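Asker: Just dropping this structure here.
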Amino acid sequence: MFDRFPIAARSADSSSASGVSSNKMADNNAIVGRRISQEALKKLCELHERYLKGIPNGWCVVMKECDLSGLDFRNLNFAHGHFIGCDFSGCNLEDAYFMSANLFGANFDHCNMTRTNFSRADLRGANVTDAEMTGAQLDGADLRRGALQIGAP
């Protein structure tokens, strides 16, 4: 259940002018190495949308090396979110929004990414093996090679 692990984010009223957290802030407030349930994902999305709208008690989602495999992200908005090294394998991301999101080293193996918006997203080192990407928006996305250093400070 959602309340059993710390929320990794920061509140909307402490956000920077750009709406994107600094690396130091992301490092101090990350959900790390957790399996996320569909119920928890829905709650995180609700909090993240509050953050995006500047509503108090909103949270910018920050996850590192979390297991999101098989979850349904259809139509969810995680613009500006952080999903570093997360496993999205087998997820349905159809019509989801990840504009300007940090997806460095994420695994999208066998995902449905139909019409997913990744505009200006950081997809360095992402694995999209056997992903369905028909109509995916990648304008300005960073698709360079990259690798995570597990256990690095």
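Residue numbering restarts at 1 in every chain; chains get A, B, ... in the order shown in the structure tokens, and ligands count up from 1 in that same order.
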Would you tabulate, counting only C-alpha atoms, all residues of region 43-70 of chain A that have an atom at most 12 Å from an atom of region 102-125 of chain A, showing the closest pair of atoms and their distance in Å to one decimal, sorted by chain then ascending number, as JSON lines?
Answerer:
{"residue": "A:Cys60", "atom": "CA", "partner": "A:Asn102", "partner_atom": "CA", "distance": 11.7}
{"residue": "A:Val61", "atom": "CA", "partner": "A:Asn102", "partner_atom": "CA", "distance": 10.4}
{"residue": "A:Val62", "atom": "CA", "partner": "A:Asn102", "partner_atom": "CA", "distance": 9.1}
{"residue": "A:Met63", "atom": "CA", "partner": "A:Leu103", "partner_atom": "CA", "distance": 9.7}
{"residue": "A:Lys64", "atom": "CA", "partner": "A:Ala106", "partner_atom": "CA", "distance": 9.5}
{"residue": "A:Glu65", "atom": "CA", "partner": "A:Ala106", "partner_atom": "CA", "distance": 8.3}
{"residue": "A:Cys66", "atom": "CA", "partner": "A:Ala106", "partner_atom": "CA", "distance": 9.6}
{"residue": "A:Asp67", "atom": "CA", "partner": "A:Asn107", "partner_atom": "CA", "distance": 9.8}
{"residue": "A:Leu68", "atom": "CA", "partner": "A:Asn107", "partner_atom": "CA", "distance": 9.7}
{"residue": "A:Ser69", "atom": "CA", "partner": "A:Phe108", "partner_atom": "CA", "distance": 8.8}
{"residue": "A:Gly70", "atom": "CA", "partner": "A:Cys111", "partner_atom": "CA", "distance": 8.5}
Asker: How would the residues just picked look written out with C-alpha atoms as a short mmCIF file (atom, residue, chain, number, x, y, z; two decimals), in the first residue's frame?
Answerer:
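Everything below was put into again15.cif:
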data_model
loop_
_atom_site.label_atom_id
_atom_site.label_comp_id
_atom_site.auth_asym_id
_atom_site.auth_seq_id
_atom_site.Cartn_x
_atom_site.Cartn_y
_atom_site.Cartn_z
CA CYS A 60 7.08 15.68 -7.84
CA VAL A 61 7.58 11.96 -8.33
CA VAL A 62 11.21 10.88 -7.93
CA MET A 63 12.04 7.17 -8.24
CA LYS A 64 15.31 5.30 -8.61
CA GLU A 65 15.61 1.66 -9.66
CA CYS A 66 11.95 0.91 -8.88
CA ASP A 67 10.01 -2.03 -10.30
CA LEU A 68 7.06 -0.65 -12.27
CA SER A 69 6.80 -3.68 -14.55
CA GLY A 70 3.39 -4.58 -15.91
#
Asker: So what do you get for CA of His48 (chain A) versus CA of Arg144 (chain A), distance-wise?
Answerer: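 CA of Arg144 (chain A) lies at a distance of 26.9 Å from CA of His48 (chain A).
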Asker: Under the rule that only C-alpha atoms are counted, which of A:Pro56, A:Gly81, A:Gly33, A:Gly140 is the nearest residue to Tyr97 (chain A)?
Answerer: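 With only C-alpha atoms as the atom set, the closest residue is A:Gly81.
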Asker: Pick the closest to Ala30 (chain A) from A:Ala141, A:Cys91, A:Phe83, A:Thr129: which is it, counting only C-alpha atoms?
Answerer: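 Of A:Ala141, A:Cys91, A:Phe83, A:Thr129, the one nearest Ala30 (chain A), counting only C-alpha atoms, is A:Phe83.
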Asker: Take CA of Trp59 (chain A) and CA of Ala79 (chain A) and report the distance between them in Å, one decimal.
Answerer: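 CA of Ala79 (chain A) lies 12.1 Å from CA of Trp59 (chain A).
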Asker: Excluding Asn77 (chain A) and any residue of its chain fewer than 4 positions from it, enumerate the residues within 7 Å of it, using only C-alpha atoms, and give them as an mmCIF file with C-alpha atoms, in the first residue's frame.
Answerer:
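For reference, around.cif as written:
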data_model
loop_
_atom_site.group_PDB
_atom_site.id
_atom_site.type_symbol
_atom_site.label_atom_id
_atom_site.label_comp_id
_atom_site.auth_asym_id
_atom_site.auth_seq_id
_atom_site.Cartn_x
_atom_site.Cartn_y
_atom_site.Cartn_z
ATOM 1 C CA CYS A 45 -0.026 10.331 -10.169
ATOM 2 C CA GLU A 49 -0.629 16.282 -10.960
ATOM 3 C CA ALA A 96 0.830 8.718 -21.242
ATOM 4 C CA TYR A 97 2.722 11.985 -20.741
ATOM 5 C CA PHE A 98 6.416 12.000 -19.844
#
Asker: Find the distance between CA of Asn29 (chain A) and CA of Lys53 (chain A) and write it in Å to one decimal.
Answerer: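 Here the two named atoms are 19.9 Å from each other.
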